[in-house]
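J.: What follows is my_file-v4.cif, mmCIF, C-alpha atoms.
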data_query
#
loop_
_atom_site.label_atom_id
_atom_site.label_comp_id
_atom_site.auth_asym_id
_atom_site.auth_seq_id
_atom_site.Cartn_x
_atom_site.Cartn_y
_atom_site.Cartn_z
CA MET A 263 16.24 -53.68 41.06
CA PRO A 264 16.31 -56.02 38.02
CA VAL A 265 12.81 -54.80 37.17
CA ASP A 266 13.99 -51.16 37.33
CA GLY A 267 16.83 -52.01 34.97
CA MET A 268 14.48 -53.65 32.49
CA VAL A 269 12.21 -50.57 32.63
CA ALA A 270 15.18 -48.32 31.86
CA ILE A 271 16.12 -50.52 28.88
CA GLY A 272 12.49 -50.42 27.71
CA ALA A 273 12.43 -46.64 27.98
CA GLY A 274 15.67 -46.43 26.02
CA LEU A 275 14.34 -48.74 23.33
CA ALA A 276 11.13 -46.70 23.07
CA VAL A 277 13.05 -43.51 22.30
CA GLY A 278 15.87 -45.15 20.34
CA LEU A 279 13.77 -47.28 18.01
CA ALA A 280 11.31 -44.43 17.45
CA GLY A 281 14.27 -42.24 16.56
CA ILE A 282 15.63 -44.77 14.05
CA GLY A 283 12.17 -45.17 12.52
CA ALA A 284 11.72 -41.42 12.19
CA GLY A 285 15.18 -41.10 10.68
CA LEU A 286 14.39 -43.71 8.05
CA GLY A 287 11.11 -41.98 7.28
CA GLU A 288 12.78 -38.60 7.06
CA GLN A 289 15.55 -39.58 4.67
CA GLY A 290 13.33 -39.60 1.62
CA ILE A 291 11.20 -36.66 2.70
CA GLY A 292 14.25 -34.60 3.64
CA ALA A 293 15.98 -35.34 0.36
CA ALA A 294 12.84 -34.44 -1.60
CA ALA A 295 12.33 -31.25 0.42
CA VAL A 296 15.93 -30.13 -0.09
CA GLY A 297 15.63 -30.93 -3.79
CA ALA A 298 12.46 -28.86 -4.16
CA MET A 299 13.98 -25.99 -2.17
CA ALA A 300 17.12 -26.02 -4.31
CA GLU A 301 14.96 -25.36 -7.37
CA ASP A 302 12.52 -22.98 -5.73
CA PRO A 303 13.21 -21.44 -2.30
CA ASP A 304 9.45 -20.89 -1.84
CA PHE A 305 9.20 -24.55 -0.88
CA PHE A 306 11.12 -23.90 2.36
CA GLY A 307 8.07 -23.70 4.65
CA ARG A 308 6.24 -26.69 3.23
CA GLY A 309 9.46 -28.70 2.94
CA LEU A 310 10.33 -28.09 6.56
CA LEU A 311 6.83 -29.02 7.70
CA MET A 312 6.84 -32.28 5.73
CA THR A 313 10.31 -33.18 6.99
CA VAL A 314 9.38 -32.85 10.68
CA ILE A 315 6.13 -34.83 10.45
CA PRO A 316 7.84 -38.19 11.16
CA GLU A 317 9.34 -36.56 14.30
CA THR A 318 5.96 -37.00 15.99
CA ILE A 319 6.74 -40.71 16.25
CA VAL A 320 9.76 -39.86 18.42
CA ILE A 321 7.50 -37.80 20.70
CA PHE A 322 5.29 -40.87 21.17
CA GLY A 323 8.41 -42.85 22.09
CA LEU A 324 9.47 -40.14 24.51
CA VAL A 325 6.04 -40.14 26.16
CA ILE A 326 6.19 -43.93 26.54
CA SER A 327 9.63 -43.69 28.08
CA PHE A 328 8.44 -41.04 30.58
CA LEU A 329 5.46 -43.21 31.48
CA LEU A 330 7.79 -46.16 32.03
CA MET A 331 10.32 -44.26 34.09
CA PHE A 332 8.18 -42.00 36.25
CA ILE A 333 4.70 -43.48 36.58
CA MET B 104 32.65 -51.78 8.67
CA ASP B 105 30.05 -53.25 6.40
CA MET B 106 26.45 -52.52 7.33
CA PRO B 107 24.13 -55.48 7.73
CA GLY B 108 22.03 -56.13 4.63
CA ILE B 109 18.72 -54.90 6.00
CA PHE B 110 20.17 -51.55 7.07
CA LYS B 111 21.97 -51.20 3.80
CA ARG B 112 18.66 -51.67 2.04
CA LEU B 113 16.80 -49.30 4.34
CA ILE B 114 19.35 -46.53 4.63
CA GLY B 115 21.45 -47.23 1.58
CA THR B 116 20.12 -46.04 -1.70
CA LYS B 117 16.82 -45.81 -3.37
CA PRO B 118 14.40 -43.48 -1.58
CA SER B 119 16.71 -40.57 -0.86
CA GLU B 120 18.75 -40.73 -4.07
CA TRP B 121 15.66 -40.74 -6.27
CA ALA B 122 13.64 -38.42 -3.99
CA TYR B 123 16.17 -35.62 -4.36
CA VAL B 124 16.50 -35.88 -8.14
CA VAL B 125 12.81 -36.45 -8.77
CA SER B 126 11.64 -33.53 -6.62
CA ARG B 127 14.06 -31.20 -8.44
CA VAL B 128 12.85 -32.57 -11.75
CA ARG B 129 9.21 -32.06 -10.74
CA VAL B 130 9.90 -28.40 -9.95
CA MET B 131 11.79 -28.06 -13.24
CA SER B 132 8.83 -29.59 -15.08
CA ARG B 133 6.55 -26.92 -13.62
CA LYS B 134 8.65 -24.29 -15.36
CA LEU B 135 8.07 -25.79 -18.81
CA ILE B 136 5.92 -23.81 -21.23
CA PRO B 137 2.24 -24.73 -20.67
CA ALA B 138 0.21 -26.05 -23.61
CA GLU B 139 -1.99 -22.93 -23.92
CA GLU B 140 1.05 -20.68 -24.44
CA TYR B 141 1.79 -22.39 -27.76
CA ASN B 142 -1.47 -21.09 -29.18
CA LYS B 143 -0.40 -17.56 -28.27
CA MET B 144 3.02 -18.11 -29.81
CA LEU B 145 1.51 -19.38 -33.02
CA ASN B 146 -0.02 -15.96 -33.56
CA MET B 147 3.22 -14.08 -32.94
CA GLU B 148 5.85 -12.89 -35.39
CA LEU B 149 9.41 -14.21 -35.12
CA ASP B 150 10.61 -11.12 -33.20
CA GLU B 151 7.74 -11.47 -30.78
CA VAL B 152 8.62 -15.15 -30.25
CA ILE B 153 12.17 -14.08 -29.36
CA ARG B 154 10.80 -11.49 -26.94
CA PHE B 155 8.51 -14.12 -25.42
CA LEU B 156 11.47 -16.45 -24.90
CA GLU B 157 13.45 -13.61 -23.38
CA GLU B 158 10.83 -13.34 -20.67
CA SER B 159 10.82 -17.08 -19.97
CA GLU B 160 13.28 -19.72 -18.80
CA TYR B 161 15.32 -19.04 -21.94
CA LYS B 162 16.24 -15.49 -20.90
CA LYS B 163 19.80 -16.33 -19.92
CA GLU B 164 20.63 -18.03 -23.23
CA ILE B 165 18.91 -15.37 -25.38
CA ASP B 166 20.80 -12.63 -23.50
CA GLU B 167 24.10 -14.48 -23.78
CA LEU B 168 23.84 -15.09 -27.51
CA GLY B 169 21.83 -12.00 -28.43
CA PHE B 170 24.87 -9.89 -29.27
CA LYS B 171 26.29 -12.55 -31.60
CA TYR B 172 23.28 -13.88 -33.48
CA GLN B 173 19.82 -12.74 -34.39
CA GLY B 174 16.51 -14.05 -35.71
CA LEU B 175 16.19 -17.76 -36.36
CA THR B 176 19.89 -18.49 -35.72
CA LEU B 177 19.61 -16.88 -32.29
CA ILE B 178 16.60 -19.03 -31.37
CA ASP B 179 18.30 -22.17 -32.71
CA TYR B 180 21.51 -21.68 -30.74
CA ALA B 181 19.74 -20.47 -27.59
CA LEU B 182 17.45 -23.52 -27.58
CA SER B 183 20.40 -25.91 -28.01
CA LEU B 184 22.33 -24.19 -25.24
CA ASN B 185 19.33 -24.30 -22.91
CA LEU B 186 18.76 -27.97 -23.64
CA SER B 187 22.37 -28.91 -22.91
CA ARG B 188 22.27 -26.92 -19.67
CA ALA B 189 19.02 -28.55 -18.54
CA TYR B 190 20.27 -32.06 -19.29
CA SER B 191 23.76 -31.66 -17.89
CA LYS B 192 22.13 -30.30 -14.74
CA LEU B 193 20.29 -33.61 -14.37
CA ILE B 194 23.60 -35.47 -14.35
CA ARG B 195 25.16 -32.90 -12.01
CA ILE B 196 22.43 -33.16 -9.37
CA SER B 197 22.27 -36.95 -9.30
CA LYS B 198 24.59 -39.61 -7.94
CA GLY B 199 24.80 -43.39 -7.72
CA THR B 200 22.23 -45.41 -9.63
CA PRO B 201 20.19 -42.37 -10.80
CA ARG B 202 23.31 -40.81 -12.26
CA ASP B 203 24.28 -44.02 -14.06
CA LEU B 204 20.84 -44.42 -15.58
CA ILE B 205 20.39 -40.78 -16.56
CA SER B 206 23.88 -40.69 -18.11
CA ALA B 207 23.18 -43.90 -20.00
CA TYR B 208 19.95 -42.43 -21.38
CA LEU B 209 21.58 -39.11 -22.26
CA ARG B 210 24.42 -40.79 -24.14
CA ARG B 211 22.33 -40.14 -27.23
CA TYR B 212 23.80 -36.63 -27.09
CA ASP B 213 27.32 -38.07 -27.11
CA ILE B 214 26.29 -39.78 -30.32
CA TRP B 215 24.79 -36.54 -31.60
CA ASN B 216 28.06 -34.72 -30.85
CA ILE B 217 30.28 -37.41 -32.38
CA MET B 218 28.10 -37.40 -35.49
CA ASN B 219 28.22 -33.63 -35.85
CA ILE B 220 31.97 -33.45 -35.29
CA VAL B 221 32.69 -36.22 -37.80
CA ARG B 222 30.23 -34.75 -40.30
CA GLY B 223 31.72 -31.28 -39.81
CA LYS B 224 35.28 -32.54 -40.23
CA MET B 225 34.34 -34.56 -43.28
CA PHE B 226 32.87 -31.54 -45.06
CA ASN B 227 35.44 -29.07 -43.68
CA PHE B 228 33.07 -26.90 -41.69
CA PRO B 229 34.69 -24.27 -39.45
CA SER B 230 35.00 -25.33 -35.79
CA GLU B 231 32.72 -22.52 -34.69
CA GLU B 232 29.87 -23.80 -36.79
CA ILE B 233 30.35 -27.37 -35.59
CA GLU B 234 30.49 -26.21 -31.99
CA ALA B 235 27.19 -24.38 -32.28
CA THR B 236 25.42 -27.64 -33.06
CA LEU B 237 26.82 -29.58 -30.09
CA ILE B 238 24.76 -30.40 -27.01
CA TYR B 239 26.91 -31.21 -24.00
CA ALA B 240 24.43 -33.38 -22.18
CA GLY B 241 26.10 -36.78 -22.29
CA GLU B 242 29.31 -38.08 -20.80
CA TYR B 243 31.59 -36.14 -23.14
CA ASP B 244 31.98 -32.59 -21.91
CA GLU B 245 32.80 -29.39 -23.74
CA GLU B 246 36.55 -29.80 -23.22
CA PHE B 247 36.56 -33.30 -24.70
CA CYS B 248 34.47 -32.27 -27.71
CA LYS B 249 36.74 -29.27 -28.32
CA SER B 250 39.77 -31.57 -28.21
CA LEU B 251 38.07 -33.72 -30.87
CA MET B 252 37.50 -30.71 -33.08
CA LEU B 253 41.20 -29.88 -32.92
CA LYS B 254 42.08 -33.25 -34.45
CA GLU B 255 43.21 -32.99 -38.05
CA THR B 256 41.67 -36.16 -39.47
CA ILE B 257 38.79 -38.53 -38.79
CA GLU B 258 41.32 -41.34 -38.18
CA GLU B 259 42.68 -39.37 -35.22
CA ILE B 260 39.15 -38.83 -33.87
CA ALA B 261 38.42 -42.55 -34.24
CA LYS B 262 41.61 -43.43 -32.34
CA THR B 263 40.43 -41.38 -29.34
CA PHE B 264 37.47 -43.73 -28.98
CA GLU B 265 39.49 -46.91 -28.89
CA GLY B 266 38.09 -49.15 -26.17
CA THR B 267 34.65 -47.47 -26.12
CA PRO B 268 31.45 -48.99 -27.55
CA PHE B 269 31.51 -46.40 -30.34
CA TYR B 270 34.87 -47.46 -31.74
CA PRO B 271 33.62 -50.09 -34.23
CA ALA B 272 31.35 -47.52 -35.92
CA LEU B 273 34.09 -44.89 -36.03
CA GLU B 274 36.60 -47.35 -37.33
CA LYS B 275 34.16 -48.20 -40.09
CA ILE B 276 33.70 -44.59 -41.17
CA VAL B 277 37.46 -44.30 -41.56
CA ARG B 278 37.20 -47.12 -44.09
CA VAL B 279 34.88 -44.83 -46.04
CA CYS B 280 31.43 -46.13 -45.31
CA PRO B 281 28.49 -43.81 -46.09
CA MET B 282 27.72 -41.21 -43.44
CA SER B 283 24.15 -42.44 -43.01
CA GLU B 284 25.37 -45.98 -42.28
CA PHE B 285 27.76 -44.61 -39.69
CA GLU B 286 24.94 -42.73 -37.97
CA ASP B 287 22.71 -45.81 -38.00
CA ASP B 288 25.52 -47.87 -36.50
CA LEU B 289 25.97 -45.39 -33.65
CA TYR B 290 22.26 -45.46 -32.83
CA LYS B 291 22.22 -49.24 -32.98
CA ILE B 292 25.08 -49.36 -30.46
CA TYR B 293 23.28 -46.89 -28.21
CA TYR B 294 19.89 -48.62 -28.18
CA ASN B 295 21.48 -52.04 -27.91
CA GLY B 296 23.32 -50.90 -24.77
CA LEU B 297 20.20 -49.41 -23.19
CA ALA B 298 17.87 -52.28 -24.03
CA GLY B 299 20.48 -54.66 -22.60
CA ILE B 300 20.34 -53.15 -19.09
CA LYS B 301 19.21 -55.78 -16.61
CA ALA B 302 15.79 -54.97 -15.15
CA GLU B 303 15.70 -55.96 -11.49
CA THR B 304 12.66 -53.97 -10.44
CA LEU B 305 9.30 -53.20 -11.98
CA ASP B 306 10.15 -49.56 -12.65
CA MET B 307 13.32 -50.63 -14.45
CA LYS B 308 11.30 -53.07 -16.50
CA TYR B 309 9.05 -50.21 -17.60
CA PHE B 310 12.08 -48.04 -18.33
CA ILE B 311 13.52 -50.67 -20.63
CA ASP B 312 10.13 -51.29 -22.22
CA PHE B 313 9.88 -47.56 -22.97
CA ILE B 314 13.31 -47.66 -24.59
CA LYS B 315 12.14 -50.57 -26.72
CA MET B 316 8.96 -48.66 -27.56
CA GLU B 317 11.12 -45.73 -28.63
CA VAL B 318 13.00 -48.13 -30.91
CA ASP B 319 9.65 -49.26 -32.34
CA ILE B 320 8.66 -45.67 -33.02
CA LYS B 321 12.01 -44.93 -34.67
CA ASN B 322 11.75 -48.05 -36.79
CA ILE B 323 8.18 -47.45 -37.90
CA LYS B 324 9.06 -43.85 -38.76
CA THR B 325 12.04 -45.09 -40.80
CA ILE B 326 9.86 -47.64 -42.60
CA LEU B 327 7.12 -45.10 -43.37
CA ARG B 328 9.53 -42.39 -44.46
CA LEU B 329 11.59 -44.66 -46.70
CA LYS B 330 8.49 -46.33 -48.12
CA ALA B 331 7.13 -42.90 -49.03
CA ASP B 332 10.44 -42.22 -50.80
CA GLY B 333 10.13 -45.53 -52.66
CA ALA B 334 13.10 -47.28 -51.02
CA SER B 335 13.51 -51.06 -51.35
CA ALA B 336 13.00 -53.47 -48.45
CA GLU B 337 16.78 -54.18 -48.28
CA GLU B 338 17.56 -50.49 -48.04
CA ILE B 339 15.03 -50.09 -45.24
CA MET B 340 16.40 -53.09 -43.34
CA THR B 341 19.91 -51.57 -43.13
CA LYS B 342 18.42 -48.74 -41.09
CA ILE B 343 16.32 -50.81 -38.71
CA ILE B 344 17.41 -50.77 -35.07
CA PRO B 345 17.16 -54.22 -33.47
CA ARG B 346 15.60 -54.92 -30.05
CA GLY B 347 12.28 -53.15 -30.47
CA LEU B 348 9.34 -54.10 -28.28
CA GLN B 349 7.06 -55.37 -31.05
CA ILE B 350 8.96 -54.55 -34.21
CA SER B 351 11.72 -57.13 -34.24
CA GLU B 352 13.96 -57.40 -37.27
CA ASP B 353 11.72 -60.12 -38.74
CA GLU B 354 8.60 -57.99 -38.21
CA ALA B 355 10.35 -55.02 -39.78
CA ARG B 356 11.32 -57.13 -42.80
CA LYS B 357 7.68 -58.13 -43.22
CA LEU B 358 6.48 -54.52 -42.99
CA ALA B 359 9.20 -53.21 -45.29
CA ALA B 360 8.12 -55.61 -48.03
CA LEU B 361 4.50 -54.32 -48.06
CA GLU B 362 2.99 -51.67 -50.29
CA TRP B 363 1.95 -48.37 -48.64
CA ASP B 364 -1.76 -49.15 -48.22
CA GLU B 365 -1.11 -52.66 -46.92
CA LEU B 366 1.58 -51.29 -44.65
CA ILE B 367 -0.80 -48.81 -43.03
CA LYS B 368 -3.43 -51.54 -42.62
CA SER B 369 -0.96 -53.98 -41.08
CA LEU B 370 0.00 -51.46 -38.38
CA GLU B 371 -3.24 -52.45 -36.69
CA GLY B 372 -2.40 -54.65 -33.74
CA TYR B 373 0.80 -52.87 -32.80
CA TRP B 374 0.83 -50.93 -29.53
CA PHE B 375 1.07 -47.57 -31.32
CA TRP B 376 -2.04 -48.20 -33.44
CA GLU B 377 -4.32 -46.64 -30.79
CA GLY B 378 -2.54 -43.31 -31.25
CA ILE B 379 -2.85 -43.11 -35.02
CA LYS B 380 -5.95 -45.14 -35.91
CA ASP B 381 -8.37 -42.21 -36.05
CA SER B 382 -6.54 -40.06 -38.54
CA VAL B 383 -3.96 -42.24 -40.25
CA GLU B 384 -5.92 -42.41 -43.52
CA GLY B 385 -4.76 -39.62 -45.73
CA ALA B 386 -2.68 -37.91 -43.03
CA SER B 387 0.68 -36.43 -43.95
CA LEU B 388 3.81 -38.25 -42.85
CA SER B 389 4.84 -35.44 -40.51
CA LYS B 390 1.42 -35.60 -38.85
CA ILE B 391 1.67 -39.36 -38.34
CA GLU B 392 5.15 -38.90 -36.86
CA ALA B 393 3.86 -36.24 -34.48
CA MET B 394 1.00 -38.55 -33.43
CA LEU B 395 3.43 -41.39 -32.73
CA ASP B 396 5.66 -39.12 -30.64
CA ARG B 397 2.64 -37.84 -28.73
CA LEU B 398 1.42 -41.34 -27.92
CA TRP B 399 4.80 -42.50 -26.65
CA ALA B 400 5.23 -39.37 -24.55
CA LYS B 401 1.77 -39.85 -23.04
CA LYS B 402 2.59 -43.44 -22.12
CA VAL B 403 5.84 -42.44 -20.43
CA LEU B 404 4.09 -39.60 -18.58
CA SER B 405 1.27 -41.75 -17.26
CA LYS B 406 3.66 -44.42 -15.97
CA SER B 407 5.91 -41.80 -14.39
CA HIS B 408 3.11 -40.97 -11.98
CA SER B 409 2.82 -44.62 -10.92
CA PHE B 410 6.51 -44.88 -10.01
CA PRO B 411 7.41 -41.55 -8.41
CA LEU B 412 10.72 -42.74 -6.96
CA SER B 413 12.26 -44.11 -10.10
CA VAL B 414 13.93 -43.11 -13.34
CA LEU B 415 10.55 -42.70 -15.05
CA PRO B 416 9.75 -39.13 -13.87
CA VAL B 417 13.25 -38.07 -14.94
CA MET B 418 12.75 -39.75 -18.29
CA ALA B 419 9.41 -37.94 -18.62
CA PHE B 420 11.11 -34.60 -17.95
CA ILE B 421 13.87 -35.32 -20.46
CA LEU B 422 11.19 -36.10 -22.98
CA LEU B 423 9.00 -33.08 -22.19
CA LYS B 424 11.97 -30.74 -22.36
CA LYS B 425 12.98 -32.14 -25.74
CA LEU B 426 9.42 -31.78 -27.01
CA GLU B 427 9.32 -28.18 -25.79
CA ILE B 428 12.57 -27.36 -27.59
CA ASP B 429 11.36 -29.13 -30.74
CA ASN B 430 8.03 -27.29 -30.61
CA LEU B 431 9.72 -23.92 -30.20
CA ARG B 432 12.04 -24.73 -33.07
CA ILE B 433 9.10 -25.76 -35.28
CA ILE B 434 7.27 -22.53 -34.45
CA ALA B 435 10.35 -20.38 -35.09
CA ARG B 436 11.24 -22.12 -38.37
CA GLY B 437 7.62 -22.13 -39.50
CA LYS B 438 7.31 -18.41 -38.80
CA ALA B 439 10.59 -17.67 -40.58
CA ALA B 440 9.44 -19.68 -43.59
CA GLY B 441 6.07 -17.93 -43.59
CA LEU B 442 4.01 -21.12 -43.06
CA ASP B 443 0.41 -20.68 -41.98
CA VAL B 444 -0.64 -21.32 -38.39
CA GLU B 445 -2.54 -24.55 -39.09
CA ASN B 446 0.41 -26.02 -40.91
CA ILE B 447 2.76 -25.29 -38.02
CA LYS B 448 0.25 -26.47 -35.43
CA GLU B 449 -0.06 -29.84 -37.15
CA GLN B 450 3.59 -30.56 -36.51
CA LEU B 451 3.65 -29.57 -32.85
CA VAL B 452 3.65 -32.27 -30.18
CA ILE B 453 1.69 -30.78 -27.32
CA ILE B 454 0.89 -33.00 -24.34
#
Can the structure from this file be put into structure tokens for me?
T.:
Amino acid sequence: MPVDGMVAIGAGLAVGLAGIGAGLGEQGIGAAAVGAMAEDPDFFGRGLLMTVIPETIVIFGLVISFLLMFI
Amino acid sequence: MDMPGIFKRLIGTKPSEWAYVVSRVRVMSRKLIPAEEYNKMLNMELDEVIRFLEESEYKKEIDELGFKYQGLTLIDYALSLNLSRAYSKLIRISKGTPRDLISAYLRRYDIWNIMNIVRGKMFNFPSEEIEATLIYAGEYDEEFCKSLMLKETIEEIAKTFEGTPFYPALEKIVRVCPMSEFEDDLYKIYYNGLAGIKAETLDMKYFIDFIKMEVDIKNIKTILRLKADGASAEEIMTKIIPRGLQISEDEARKLAALEWDELIKSLEGYWFWEGIKDSVEGASLSKIEAMLDRLWAKKVLSKSHSFPLSVLPVMAFILLKKLEIDNLRIIARGKAAGLDVENIKEQLVII
């Protein structure tokens, strides 16, 4: 039981910390993308793509948490 | 609740504040007139230049003012209006540190406005004419400047500035000091304030160095221009702005005392020598001035790429926009005065 609890905390940390990291990464990219879009709406596609790139880190965290919880 | 220091540093300020402003500025820079277009404009007549501007980023201003003015006056007023809109937009879209720095840099237009209002009042120009010369890009907005123009006397205008850094200069003009001295005083206050900003980061250090380089350029231009007019060293020294990067007041005194040929020779060794060394011999003063401006602009531009999340790209845009406006004005005035293409081209600063 204590081991299960620790695994759950680990899984939570994997997603949570990855989320914080992605958020920090996205703040600058998001701000720049919104800035570019405000001047020229044609930047919408590229801006959106650049903004979501750090999200991949969260997916890694999610995968780790699934591995911890279910395998 | 106060955030712990590390989070404050991570989430708090720099990247997102600068990223937003800089990315907007980068897109705005892309809309500036490319270098090759100037060659086309040089071969146009004044009416064609106006038509060219009407199809560019200046459309709104040309359309707005087109029913009131025409020819050279139209271009002049439209360019000023466009410049004030572009610069006030920079202040509008920024906040926090970027806003403070950009406003501090653009305060030169507050000085410009104060100077024009005082000059206009002194020589009894109609308010409309004074207003057309104003550029609302600094801290003082249209409403404030209009309230200044409504004042009856210069004493009343000076009183409005009580408690601001500009007050000593305004108070002096009331005591009937020459207009040129008043203008020099205002610029000294401005550059002193900017050069006194504390540089905590490397990009800020470069920013302040560029300001000091600008002071150097202004000082060397003053020395060259006054020397060409045969002014004495004392006269030149009253116009020198302190706090330059290499041209301190002592250096300026030394240069001001030299004869023209010695003066040109002694410029060797200063940072701006590399920009003028090839063609300084026998070049006209306006050409040397254009070369100095070009060198400084190039230095700012190259550093702005090294520090993308800083005030430098914004400074580069402010500079490029001003150069564009100046170039267009030179072309329009040159065309109106019937100057030949080569003559006009010599005075353009194209980066």
J.: Which polymer residues have any atom within 12 Å of an atom of range 274-291 of chain A, counting only C-alpha atoms, with same-chain residues fewer than 3 positions away left out, as a PyMOL selection string?
T.: (chain A and resi 267-271+294-298+308-331) or (chain B and resi 110-126+411-412)
J.: I need the residue set behind the PyMOL selection byres ((chain B and resi 132) around 12) for this file; please write it as number ranges by chain.
T.: A: 298, 301; B: 125-131, 133-137, 160, 189, 404, 416-425, 427
J.: Please compute the CA of Asn430 in chain B-CA of Leu168 in chain B distance, one decimal, in Å.
T.: 20.2 Å
J.: What is the distance, in Å and to one decimal place, between CA of Lys315 in chain B and CA of Asn216 in chain B?
T.: 22.8 Å
J.: Check the smallest atom-to-atom distance from each of B:Tyr208, B:Trp215, B:Phe228, B:Tyr239 to Asn185 in chain B using all atoms listed in the file, then report the winner.
T.: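 Among the listed residues, B:Tyr239 lies closest to Asn185 in chain B.
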J.: If you measure from CA of Met340 in chain B to CA of Leu361 in chain B, what distance in Å do you get, rounded to one decimal?
T.: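 Computing the Euclidean distance for CA of Met340 in chain B and CA of Leu361 in chain B yields 12.9 Å.
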J.: Neighbouring residues of Lys390 in chain B were defined as those with any atom within 10 Å, considering only C-alpha atoms; residues of the same chain fewer than 2 positions away were excluded. Please report them as a ChimeraX atom specification.
T.: /B:379,382-383,386-388,392-396,446,448-452
J.: Using only C-alpha atoms, pick whichever of B:Leu193, B:Leu209, B:Met144, B:Ile153 has the shortest atom-to-atom distance to chain A.
T.: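 Looking at the shortest contact to chain A, the residue is B:Leu193.
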J.: Expand the PyMOL selection byres ((chain B and resi 320) around 10) into the explicit residue set it covers here, and present it as a list in words.
T.: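 Selection result, ordered by chain and number: Ile314, Lys315, Met316, Glu317, Val318, Asp319, Lys321, Asn322, Ile323, Lys324, Thr325, Ile326, Gly347, Leu348, Ile350, Phe375, Glu392, Leu395, Asp396, Leu398 and Trp399 of chain B.
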J.: Starting from the shown file, work through the PyMOL selection byres ((chain B and resi 242) around 8) and note down what comes out as a ChimeraX atom specification.
T.: /B:206,209-210,213,239-241,243-244
J.: Create the file for the chosen residues now, containing C-alpha atoms and written as a PDB file, keeping the file's coordinate frame.
T.:
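To be explicit, this is the file written out as again.pdb:
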ATOM      1  CA  SER B 206      23.880 -40.690 -18.110  1.00  0.00           C
ATOM      2  CA  LEU B 209      21.580 -39.110 -22.260  1.00  0.00           C
ATOM      3  CA  ARG B 210      24.420 -40.790 -24.140  1.00  0.00           C
ATOM      4  CA  ASP B 213      27.320 -38.070 -27.110  1.00  0.00           C
ATOM      5  CA  TYR B 239      26.910 -31.210 -24.000  1.00  0.00           C
ATOM      6  CA  ALA B 240      24.430 -33.380 -22.180  1.00  0.00           C
ATOM      7  CA  GLY B 241      26.100 -36.780 -22.290  1.00  0.00           C
ATOM      8  CA  TYR B 243      31.590 -36.140 -23.140  1.00  0.00           C
ATOM      9  CA  ASP B 244      31.980 -32.590 -21.910  1.00  0.00           C
TER      10      ASP B 244
END
J.: May I have the residues at most 7 Å from (17.4, -19.3, -28.3) in the file's coordinates, counting all atoms listed in the file, as a list of chain:residue names?
T.: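 Residues satisfying the cut-off, written out: B:Tyr161, B:Glu164, B:Ile165, B:Leu177, B:Ile178, B:Asp179, B:Tyr180, B:Ala181, B:Leu182.
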J.: I'd like the contact shell of Phe155 in chain B - 12 Å cut-off, all atoms listed in the file, skipping same-chain residues fewer than 2 positions apart - returned as a VMD selection string.
T.: chain B and resid 136 140 to 141 143 to 153 157 to 162 165 178 431 435
J.: Measuring between all atoms listed in the file, which one of B:Lys275, B:Arg432, B:Lys192, B:Ala336 shows the shortest distance to chain A?
T.: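 Residue with the minimum atom-to-atom distance to chain A: B:Lys192.
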J.: Please fill the gaps in range 287-297 of chain A so it has N, CA and C atoms, and write that as a PDB file, keeping the file's coordinate frame.
T.:
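Produced file rebuild19.pdb, reproduced below:
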ATOM      1  N   GLY A 287      12.220 -42.641   7.974  1.00  0.00           N
ATOM      2  CA  GLY A 287      11.110 -41.980   7.280  1.00  0.00           C
ATOM      3  C   GLY A 287      11.543 -40.637   6.708  1.00  0.00           C
ATOM      4  N   GLU A 288      12.405 -39.954   7.461  1.00  0.00           N
ATOM      5  CA  GLU A 288      12.780 -38.600   7.060  1.00  0.00           C
ATOM      6  C   GLU A 288      13.776 -38.557   5.907  1.00  0.00           C
ATOM      7  N   GLN A 289      14.501 -39.674   5.692  1.00  0.00           N
ATOM      8  CA  GLN A 289      15.550 -39.580   4.670  1.00  0.00           C
ATOM      9  C   GLN A 289      14.995 -39.224   3.290  1.00  0.00           C
ATOM     10  N   GLY A 290      13.913 -39.888   2.932  1.00  0.00           N
ATOM     11  CA  GLY A 290      13.330 -39.600   1.620  1.00  0.00           C
ATOM     12  C   GLY A 290      12.675 -38.232   1.584  1.00  0.00           C
ATOM     13  N   ILE A 291      11.922 -37.934   2.669  1.00  0.00           N
ATOM     14  CA  ILE A 291      11.200 -36.660   2.700  1.00  0.00           C
ATOM     15  C   ILE A 291      12.192 -35.497   2.720  1.00  0.00           C
ATOM     16  N   GLY A 292      13.236 -35.658   3.535  1.00  0.00           N
ATOM     17  CA  GLY A 292      14.250 -34.600   3.640  1.00  0.00           C
ATOM     18  C   GLY A 292      14.925 -34.362   2.302  1.00  0.00           C
ATOM     19  N   ALA A 293      15.297 -35.471   1.653  1.00  0.00           N
ATOM     20  CA  ALA A 293      15.980 -35.340   0.360  1.00  0.00           C
ATOM     21  C   ALA A 293      15.075 -34.646  -0.655  1.00  0.00           C
ATOM     22  N   ALA A 294      13.782 -35.053  -0.657  1.00  0.00           N
ATOM     23  CA  ALA A 294      12.840 -34.440  -1.600  1.00  0.00           C
ATOM     24  C   ALA A 294      12.649 -32.961  -1.284  1.00  0.00           C
ATOM     25  N   ALA A 295      12.549 -32.646   0.021  1.00  0.00           N
ATOM     26  CA  ALA A 295      12.330 -31.250   0.420  1.00  0.00           C
ATOM     27  C   ALA A 295      13.526 -30.392   0.028  1.00  0.00           C
ATOM     28  N   VAL A 296      14.731 -30.899   0.266  1.00  0.00           N
ATOM     29  CA  VAL A 296      15.930 -30.130  -0.090  1.00  0.00           C
ATOM     30  C   VAL A 296      16.002 -29.950  -1.614  1.00  0.00           C
ATOM     31  N   GLY A 297      15.632 -31.007  -2.330  1.00  0.00           N
ATOM     32  CA  GLY A 297      15.630 -30.930  -3.790  1.00  0.00           C
ATOM     33  C   GLY A 297      14.678 -29.848  -4.285  1.00  0.00           C
TER      34      GLY A 297
END
